Number of protein chains: 4
Amino acid sequence: MTFNDKQIKILETAERLFAEHGFDGTSVRHISKDAEINIAMISYYFGSKEKLLESLLLYRISGFGLELENIIKGDLSYIEKVDAFVDMLVKRIHKNRRIHKIVNFEYSNQFRQINFEGYEQNKKENFNTIANFVKNGQEAGEFNPNINVQMIIPTILGTYFHFYYNKQFYTSLLNINSNSDVDQYVEHQLIPHIKQIIKALLTYEK
Amino acid sequence: MTFNDKQIKILETAERLFAEHGFDGTSVRHISKDAEINIAMISYYFGSKEKLLESLLLYRISGFGLELENIIKGDLSYIEKVDAFVDMLVKRIHKNRRIHKIVNFEYSNQFRQINFEGYEQNKKENFNTIANFVKNGQEAGEFNPNINVQMIIPTILGTYFHFYYNKQFYTSLLNINSNSDVDQYVEHQLIPHIKQIIKALLTYEK
Amino acid sequence: MTFNDKQIKILETAERLFAEHGFDGTSVRHISKDAEINIAMISYYFGSKEKLLESLLLYRISGFGLELENIIKGDLSYIEKVDAFVDMLVKRIHKNRRIHKIVNFEYSNQFRQINFEGYEQNKKENFNTIANFVKNGQEAGEFNPNINVQMIIPTILGTYFHFYYNKQFYTSLLNINSNSDVDQYVEHQLIPHIKQIIKALLTYEK
Amino acid sequence: MTFNDKQIKILETAERLFAEHGFDGTSVRHISKDAEINIAMISYYFGSKEKLLESLLLYRISGFGLELENIIKGDLSYIEKVDAFVDMLVKRIHKNRRIHKIVNFEYSNQFRQINFEGYEQNKKENFNTIANFVKNGQEAGEFNPNINVQMIIPTILGTYFHFYYNKQFYTSLLNINSNSDVDQYVEHQLIPHIKQIIKALLTYEK
DNA sequence: TATGAATGAGGTTTCATTCAT
DNA sequence: AATGAATGAAACCTCATTCAT
């Protein structure tokens, strides 16, 4: 499942446009124009707009095999592992925010004929790994036993994405102007905030 | 700005379809057919598809004036107010999840010519009210002084919406089948979880 | 099931073009251009090219309720009825040869998604009427009992259509130049020939 | 004009697809895929889709040199020769029904740029042979002098093809299920019927 | 000889909107 | 106020053919 240069050009152009205009809001013609590639090549390479998105998923998610295992198997303390995990996860999501935005939007469209199996599979594996880690921490007496494990990831990702989807609002509210300032804010404010709430959740006994 | 019966029929049909198929994925023809109203009336009443969405915002958000003030001004303790606030906010959002989904998706589309002033105004007022409440709590020694106030709302809403946007995934993961089961989960699992993380954040001293 | 003037214009243009170029060989754009009607109106009126053909069938075949009954119930002798029947049938087919050509070609295309129920129904009724007439003639001792009744209609129609489909060849062979000469040949040569073979078949005892 | 293995593979695949989907309904890509041959080879070998059909005509019709002469020159009686001739002709046509179907359909499309010279030449020779045979029979007093000689072949072929083009209808009407049943019907019902009408025509004096 | 990539034209259908009544 | 008809643009996709290797 390898893509040649032109295919990659198409995929990356599509990723940008889908993220900016939505899937329905992006025409194949627009992609072909921005990618400077004959419009017929998109059907030729990918078959259809839907299948183009599936290929894009494959292209992006395929490299998403987790560093999660490495962190959990490492020598850090439980708390340090939480920090490392949140750090890694949010940075990854931030780096690939465009494809995740597309997925978030289109995954909830039940009328769309798109194969999300790989995405779901990936997501489920992550969930299990996290759940096991938390369970071990609870048995070791390090983590609060009264927590909803399944909602940890929605808390992390949801917080990030709500910030990202409302970027226009928060950049105005927080006097952020450039894209690099956004990156700075994510690294030095948002990620610490998420670490803080997750650690508070895991260790705070009511 | 009052709407007659036919206009309301159109608005509520559009809300459902926009939430299900997205803005671009919903055709004016589809709305007119589902609402059982002549297609020309939509342009006649609202001017354009974009302005229909703006009217929908007005129709839904206008009734969104906050009960927040009442909670904050009440006689509860700081902690009890946090509980009451999260409870009210998530229930409101859950009830109006369709229009918020639309807004979330379209607000991040910078190429869309839609007037989101009312939405932004509303959001800003909420932020200020919350910020003041937290500040008072910190000064009263009830809340942790080292927190990112601006990220409280993204944490609450983001967690909810990430759950909602991935409903298909979580209903499978959690063995939730009916819509009323989803409501139950939100009330008895998700809202308590959010309360827990917000209270942990506000009161846990690292 | 009535058609307005524009719809009729489209139907008759389509009939001509389908007969001349085939169904696949005729583009919706071509029809719209020849009919001097906006291309979108064709989808608007008929839904699709396939459904346009179905409407055309309805438009043409609907008026095809048979004079057959009248002939058979009449006061003529059996032989005279055969003459009258062949005469009527071939003239009708000749008049509507274009739609029948289209049907003949597309009916044998099993991959085409077209509803031929009306056509089949009509054809079956004709068959039964003929079969009964012949049976009566046989019982009355007027017709040869050893004949394949089902193949009478294929003989009549097949002979006509093979002539029509190879018109180019026969006009050259027979030195026929104008369209009216073709009509003359059909009336004064082809129809008598068919009458002759059918009567020979029905009355000749080997 | 010899064809190599790949060319023959293409020709036979095209013959099947043209017969099933029509000429316009068959894409070069479809032929190349079914024939498991690179798409560019079709243009390379045959020049164009039209010329591919011409080559197909050549490939099929070329082997169509007549056994007719042998029958007519034989020792049979006039009537026996008619039987043998109809038998031979319909069996040949039935065996090569696909290419004849294509020709019948495309020959009547005057906008198609296809060279049908070979087909017409062949057809004309057959006509002359038949006409001479009938003339001799008439002079010998064996055949009815008052017949339309030119319409004999349309009667034979037309009857067969009308049955074949409406195969779906007749298989339903006659409770024919399998392809071999069709072959049986042609041999034991249709051919005798055609023999009967031709002999009746030729020998029956009104 | 053979191939996969590439092209420009054209296919059908649907779009949001406006017109005429 | 309300309607069905009409419009031109644009949507996605496939076409037969040719190019470069």
# chains A, B, ... in the order shown; residues from 1 in each chain; ligands from 1

$ interface_residues --of "chain E" --to "chain D" --cutoff "12 Å" --atoms "only C-alpha atoms (C1' of nucleotides)" --output "CSV table (one decimal) with N, CA and C atoms (P, O5', C5', C4', C3', O3' and C1' of nucleotides), in the first residue's frame"
chain,number,residue,atom,x,y,z
E,1,DT,P,4.8,-5.5,-33.2
E,1,DT,O5',5.0,-5.8,-31.6
E,1,DT,C5',5.6,-7.0,-31.2
E,1,DT,C4',5.7,-7.0,-29.7
E,1,DT,C3',4.3,-6.8,-29.0
E,1,DT,O3',4.3,-7.8,-28.0
E,1,DT,C1',5.8,-5.2,-28.2
E,2,DA,P,3.0,-8.1,-27.2
E,2,DA,O5',3.0,-7.1,-26.1
E,2,DA,C5',4.1,-7.2,-25.1
E,2,DA,C4',4.0,-6.0,-24.2
E,2,DA,C3',2.6,-5.6,-23.6
E,2,DA,O3',2.6,-6.0,-22.3
E,2,DA,C1',4.0,-3.7,-24.2
E,3,DT,P,1.3,-5.9,-21.5
E,3,DT,O5',1.5,-4.5,-20.8
E,3,DT,C5',2.7,-4.4,-19.9
E,3,DT,C4',2.8,-3.0,-19.4
E,3,DT,C3',1.6,-2.4,-18.8
E,3,DT,O3',1.8,-2.3,-17.4
E,3,DT,C1',2.7,-0.8,-20.2
E,4,DG,P,0.6,-2.5,-16.4
E,4,DG,O5',0.6,-1.1,-15.8
E,4,DG,C5',1.8,-0.6,-15.2
E,4,DG,C4',1.8,0.9,-15.2
E,4,DG,C3',0.6,1.5,-14.5
E,4,DG,O3',1.2,2.6,-13.7
E,4,DG,C1',0.8,2.4,-16.7
E,5,DA,P,0.3,3.6,-13.0
E,5,DA,O5',0.5,5.0,-13.9
E,5,DA,C5',1.8,5.3,-14.2
E,5,DA,C4',1.8,6.6,-15.0
E,5,DA,C3',0.9,7.7,-14.5
E,5,DA,O3',1.6,8.9,-14.7
E,5,DA,C1',0.2,7.2,-16.6

$ residues_around --residues "B:Phe169" --least-positions-apart "4" --cutoff "10 Å" --atoms "only C-alpha atoms (C1' of nucleotides)" --output "list in words"
Tyr107, Ser108, Glu120, Lys123 and Lys124 of chain A; Phe163, Tyr164, Tyr165, Leu173, Leu174 and Asn175 of chain B

$ residues_around --residues "E:DT14" --least-positions-apart "3" --cutoff "9 Å" --atoms "only C-alpha atoms (C1' of nucleotides)" --output "ChimeraX atom specification"
/C:40,43 /F:10-11

$ atom_distance --atom1 "atom CA of D:Gln113" --atom2 "atom CA of D:Asp5"
26.8 Å

$ residues_around --residues "D:Asn144" --least-positions-apart "6" --cutoff "10 Å" --atoms "only C-alpha atoms (C1' of nucleotides)" --output "list of chain:residue names"
D:Val134, D:Lys135, D:Gly137, D:Gln138, D:Lys199, D:Ala200, D:Leu201, D:Leu202, D:Thr203, D:Tyr204, D:Glu205, D:Lys206

$ residues_around --residues "B:Thr159" --least-positions-apart "5" --cutoff "7 Å" --atoms "only C-alpha atoms (C1' of nucleotides)" --output "list of chain:residue names"
A:Pro154, A:Thr155, A:Gly158, A:Thr159

$ closest_atom_pairs --of "chain A" --to "chain F" --cutoff "8 Å" --atoms "only C-alpha atoms (C1' of nucleotides)" --output "JSON lines"
{"residue": "A:Ser27", "atom": "CA", "partner": "F:DA11", "partner_atom": "C1'", "distance": 7.5}
{"residue": "A:Val28", "atom": "CA", "partner": "F:DC12", "partner_atom": "C1'", "distance": 7.5}
{"residue": "A:Ser43", "atom": "CA", "partner": "F:DC13", "partner_atom": "C1'", "distance": 7.1}
{"residue": "A:Ser48", "atom": "CA", "partner": "F:DC13", "partner_atom": "C1'", "distance": 7.8}

$ write_last_selection --atoms "N, CA, C and O atoms" --output "PDB file, in the first residue's frame"
ATOM      1  N   SER A  27     -14.519  20.193  -3.732  1.00  0.00           N
ATOM      2  CA  SER A  27     -14.797  19.497  -4.986  1.00  0.00           C
ATOM      3  C   SER A  27     -13.526  18.822  -5.497  1.00  0.00           C
ATOM      4  O   SER A  27     -12.407  19.271  -5.224  1.00  0.00           O
ATOM      5  N   VAL A  28     -13.734  17.774  -6.230  1.00  0.00           N
ATOM      6  CA  VAL A  28     -12.610  17.081  -6.846  1.00  0.00           C
ATOM      7  C   VAL A  28     -11.850  18.037  -7.754  1.00  0.00           C
ATOM      8  O   VAL A  28     -10.616  18.007  -7.825  1.00  0.00           O
ATOM      9  N   SER A  43      -9.846  10.193 -10.136  1.00  0.00           N
ATOM     10  CA  SER A  43     -10.639   8.977 -10.311  1.00  0.00           C
ATOM     11  C   SER A  43      -9.739   7.810 -10.694  1.00  0.00           C
ATOM     12  O   SER A  43      -9.911   6.689 -10.233  1.00  0.00           O
ATOM     13  N   SER A  48     -12.905   7.224  -6.506  1.00  0.00           N
ATOM     14  CA  SER A  48     -13.983   8.155  -6.196  1.00  0.00           C
ATOM     15  C   SER A  48     -13.522   9.060  -5.061  1.00  0.00           C
ATOM     16  O   SER A  48     -12.483   8.817  -4.433  1.00  0.00           O
TER      17      SER A  48
END

$ atom_distance --atom1 "atom CA of B:Glu50" --atom2 "atom CA of B:Lys6"
18.2 Å

$ select_by_dssp --residues "stretch 22-129 of chain A" --states "alpha helix (DSSP H)" --output "compact mmCIF listing (two decimals) with N, CA and C atoms, in the first residue's frame"
# COMPACT_ATOMS: atom_id res chain seq x y z
N VAL A 28 -13.73 17.77 -6.23
CA VAL A 28 -12.61 17.08 -6.85
C VAL A 28 -11.85 18.04 -7.75
N ARG A 29 -12.59 18.92 -8.39
CA ARG A 29 -11.95 19.91 -9.28
C ARG A 29 -11.01 20.82 -8.49
N HIS A 30 -11.47 21.20 -7.31
CA HIS A 30 -10.65 22.07 -6.45
C HIS A 30 -9.36 21.35 -6.05
N ILE A 31 -9.50 20.11 -5.67
CA ILE A 31 -8.31 19.33 -5.30
C ILE A 31 -7.35 19.25 -6.48
N SER A 32 -7.91 18.91 -7.65
CA SER A 32 -7.04 18.73 -8.81
C SER A 32 -6.34 20.04 -9.17
N LYS A 33 -7.05 21.15 -9.00
CA LYS A 33 -6.45 22.44 -9.34
C LYS A 33 -5.33 22.78 -8.36
N ASP A 34 -5.62 22.64 -7.08
CA ASP A 34 -4.59 22.98 -6.08
C ASP A 34 -3.39 22.05 -6.16
N ILE A 39 -7.68 16.45 -13.50
CA ILE A 39 -8.81 16.02 -12.66
C ILE A 39 -9.11 14.53 -12.81
N ALA A 40 -8.89 14.02 -14.02
CA ALA A 40 -9.22 12.61 -14.25
C ALA A 40 -8.30 11.68 -13.47
N MET A 41 -7.13 12.18 -13.09
CA MET A 41 -6.19 11.32 -12.37
C MET A 41 -6.71 10.92 -10.99
N ILE A 42 -7.58 11.75 -10.44
CA ILE A 42 -8.07 11.45 -9.10
C ILE A 42 -8.98 10.22 -9.14
N SER A 43 -9.85 10.19 -10.14
CA SER A 43 -10.64 8.98 -10.31
C SER A 43 -9.74 7.81 -10.69
N TYR A 44 -8.76 8.12 -11.54
CA TYR A 44 -7.86 7.06 -12.00
C TYR A 44 -7.12 6.42 -10.84
N TYR A 45 -6.61 7.26 -9.94
CA TYR A 45 -5.82 6.74 -8.82
C TYR A 45 -6.70 6.15 -7.71
N PHE A 46 -7.77 6.86 -7.38
CA PHE A 46 -8.49 6.51 -6.15
C PHE A 46 -9.90 5.98 -6.40
N LYS A 49 -14.32 10.07 -4.82
CA LYS A 49 -13.98 11.01 -3.74
C LYS A 49 -14.01 10.28 -2.39
N GLU A 50 -14.97 9.42 -2.22
CA GLU A 50 -15.05 8.66 -0.96
C GLU A 50 -13.81 7.79 -0.77
N LYS A 51 -13.44 7.11 -1.85
CA LYS A 51 -12.28 6.23 -1.72
C LYS A 51 -10.99 7.02 -1.55
N LEU A 52 -10.99 8.24 -2.09
CA LEU A 52 -9.84 9.11 -1.84
C LEU A 52 -9.70 9.37 -0.35
N LEU A 53 -10.81 9.62 0.30
CA LEU A 53 -10.76 9.86 1.75
C LEU A 53 -10.31 8.60 2.48
N GLU A 54 -10.78 7.45 2.03
CA GLU A 54 -10.33 6.21 2.68
C GLU A 54 -8.83 6.02 2.52
N SER A 55 -8.32 6.34 1.33
CA SER A 55 -6.88 6.24 1.13
C SER A 55 -6.14 7.23 2.03
N LEU A 56 -6.73 8.39 2.20
CA LEU A 56 -6.12 9.40 3.06
C LEU A 56 -6.04 8.88 4.50
N LEU A 57 -7.11 8.26 4.93
CA LEU A 57 -7.11 7.66 6.27
C LEU A 57 -5.96 6.65 6.40
N LEU A 58 -5.90 5.78 5.41
CA LEU A 58 -4.85 4.76 5.41
C LEU A 58 -3.48 5.41 5.47
N TYR A 59 -3.32 6.44 4.66
CA TYR A 59 -2.02 7.12 4.55
C TYR A 59 -1.61 7.74 5.86
N ARG A 60 -2.56 8.31 6.57
CA ARG A 60 -2.25 9.02 7.80
C ARG A 60 -2.31 8.12 9.04
N ILE A 61 -3.36 7.33 9.13
CA ILE A 61 -3.55 6.55 10.34
C ILE A 61 -2.59 5.36 10.39
N LEU A 68 2.58 4.48 22.51
CA LEU A 68 1.95 4.29 23.81
C LEU A 68 2.58 3.12 24.58
N GLU A 69 2.73 2.01 23.89
CA GLU A 69 3.31 0.83 24.54
C GLU A 69 4.66 1.14 25.18
N ASN A 70 5.49 1.84 24.41
CA ASN A 70 6.83 2.15 24.92
C ASN A 70 6.77 2.94 26.22
N ILE A 71 5.84 3.89 26.25
CA ILE A 71 5.74 4.69 27.47
C ILE A 71 5.32 3.81 28.65
N ILE A 72 4.29 3.02 28.41
CA ILE A 72 3.74 2.22 29.51
C ILE A 72 4.74 1.17 30.01
N LYS A 73 5.50 0.63 29.07
CA LYS A 73 6.48 -0.39 29.49
C LYS A 73 7.75 0.22 30.10
N TYR A 78 4.16 5.87 37.81
CA TYR A 78 2.83 5.95 37.22
C TYR A 78 2.47 7.38 36.81
N ILE A 79 2.73 8.31 37.69
CA ILE A 79 2.40 9.72 37.40
C ILE A 79 3.22 10.24 36.23
N GLU A 80 4.48 9.90 36.22
CA GLU A 80 5.33 10.36 35.11
C GLU A 80 4.83 9.77 33.78
N LYS A 81 4.35 8.55 33.86
CA LYS A 81 3.83 7.94 32.63
C LYS A 81 2.58 8.67 32.13
N VAL A 82 1.74 9.11 33.07
CA VAL A 82 0.56 9.87 32.65
C VAL A 82 1.00 11.14 31.94
N ASP A 83 1.93 11.84 32.52
CA ASP A 83 2.45 13.04 31.88
C ASP A 83 2.98 12.75 30.48
N ALA A 84 3.79 11.69 30.40
CA ALA A 84 4.40 11.37 29.11
C ALA A 84 3.34 10.98 28.09
N PHE A 85 2.34 10.27 28.56
CA PHE A 85 1.29 9.80 27.66
C PHE A 85 0.46 10.97 27.11
N VAL A 86 0.03 11.85 28.02
CA VAL A 86 -0.75 13.00 27.55
C VAL A 86 0.07 13.85 26.59
N ASP A 87 1.30 14.05 26.95
CA ASP A 87 2.19 14.83 26.12
C ASP A 87 2.28 14.24 24.71
N MET A 88 2.55 12.96 24.66
CA MET A 88 2.68 12.29 23.38
C MET A 88 1.36 12.34 22.59
N LEU A 89 0.28 12.00 23.26
CA LEU A 89 -1.00 11.91 22.57
C LEU A 89 -1.42 13.26 21.99
N VAL A 90 -1.39 14.29 22.79
CA VAL A 90 -1.85 15.59 22.29
C VAL A 90 -0.93 16.11 21.19
N LYS A 91 0.36 15.90 21.35
CA LYS A 91 1.27 16.37 20.29
C LYS A 91 1.00 15.66 18.96
N ARG A 92 0.76 14.34 19.08
CA ARG A 92 0.42 13.59 17.87
C ARG A 92 -0.86 14.11 17.24
N ILE A 93 -1.87 14.27 18.05
CA ILE A 93 -3.15 14.75 17.55
C ILE A 93 -3.01 16.14 16.94
N HIS A 94 -2.24 16.96 17.62
CA HIS A 94 -2.05 18.32 17.12
C HIS A 94 -1.35 18.30 15.76
N LYS A 95 -0.36 17.43 15.68
CA LYS A 95 0.38 17.32 14.41
C LYS A 95 -0.56 16.83 13.29
N ARG A 97 -3.86 17.06 13.25
CA ARG A 97 -5.19 17.57 13.59
C ARG A 97 -6.10 17.61 12.38
N ARG A 98 -5.55 17.81 11.18
CA ARG A 98 -6.41 17.94 10.01
C ARG A 98 -7.16 16.65 9.71
N ILE A 99 -6.42 15.56 9.65
CA ILE A 99 -7.10 14.30 9.34
C ILE A 99 -8.08 13.92 10.45
N HIS A 100 -7.71 14.24 11.70
CA HIS A 100 -8.63 13.91 12.79
C HIS A 100 -9.89 14.78 12.75
N LYS A 101 -9.71 16.01 12.33
CA LYS A 101 -10.89 16.86 12.17
C LYS A 101 -11.83 16.26 11.13
N ILE A 102 -11.27 15.87 10.01
CA ILE A 102 -12.09 15.27 8.96
C ILE A 102 -12.82 14.04 9.48
N VAL A 103 -12.06 13.16 10.15
CA VAL A 103 -12.67 11.94 10.66
C VAL A 103 -13.78 12.27 11.64
N ASN A 104 -13.47 13.17 12.59
CA ASN A 104 -14.49 13.53 13.58
C ASN A 104 -15.79 13.97 12.90
N PHE A 105 -15.65 14.77 11.87
CA PHE A 105 -16.83 15.30 11.21
C PHE A 105 -17.55 14.24 10.38
N GLU A 106 -16.80 13.49 9.63
CA GLU A 106 -17.44 12.55 8.71
C GLU A 106 -17.86 11.25 9.42
N TYR A 107 -17.18 10.93 10.50
CA TYR A 107 -17.53 9.70 11.22
C TYR A 107 -18.94 9.80 11.79
N GLU A 117 -13.29 1.22 9.33
CA GLU A 117 -12.87 0.08 10.15
C GLU A 117 -11.49 0.26 10.76
N GLY A 118 -10.54 0.69 9.93
CA GLY A 118 -9.19 0.87 10.43
C GLY A 118 -9.15 1.87 11.58
N TYR A 119 -9.87 2.94 11.40
CA TYR A 119 -9.93 3.98 12.44
C TYR A 119 -10.50 3.42 13.74
N GLU A 120 -11.60 2.68 13.61
CA GLU A 120 -12.23 2.13 14.81
C GLU A 120 -11.33 1.11 15.49
N GLN A 121 -10.71 0.28 14.69
CA GLN A 121 -9.81 -0.73 15.22
C GLN A 121 -8.70 -0.08 16.04
N ASN A 122 -8.08 0.91 15.44
CA ASN A 122 -7.01 1.66 16.08
C ASN A 122 -7.46 2.27 17.40
N LYS A 123 -8.65 2.86 17.34
CA LYS A 123 -9.18 3.54 18.52
C LYS A 123 -9.43 2.53 19.64
N LYS A 124 -9.95 1.38 19.28
CA LYS A 124 -10.27 0.39 20.30
C LYS A 124 -9.01 -0.14 20.98
N GLU A 125 -7.98 -0.37 20.17
CA GLU A 125 -6.73 -0.85 20.76
C GLU A 125 -6.17 0.16 21.76
N ASN A 126 -6.20 1.43 21.38
CA ASN A 126 -5.73 2.45 22.30
C ASN A 126 -6.52 2.39 23.60
N PHE A 127 -7.82 2.27 23.45
CA PHE A 127 -8.67 2.24 24.65
C PHE A 127 -8.29 1.11 25.58
N ASN A 128 -8.05 -0.05 25.01
CA ASN A 128 -7.72 -1.19 25.86
C ASN A 128 -6.38 -1.00 26.56
N THR A 129 -5.43 -0.48 25.82
CA THR A 129 -4.12 -0.26 26.43
C THR A 129 -4.24 0.70 27.61

$ atom_distance --atom1 "atom CA of C:Ile156" --atom2 "atom CA of C:Ile198"
7.9 Å
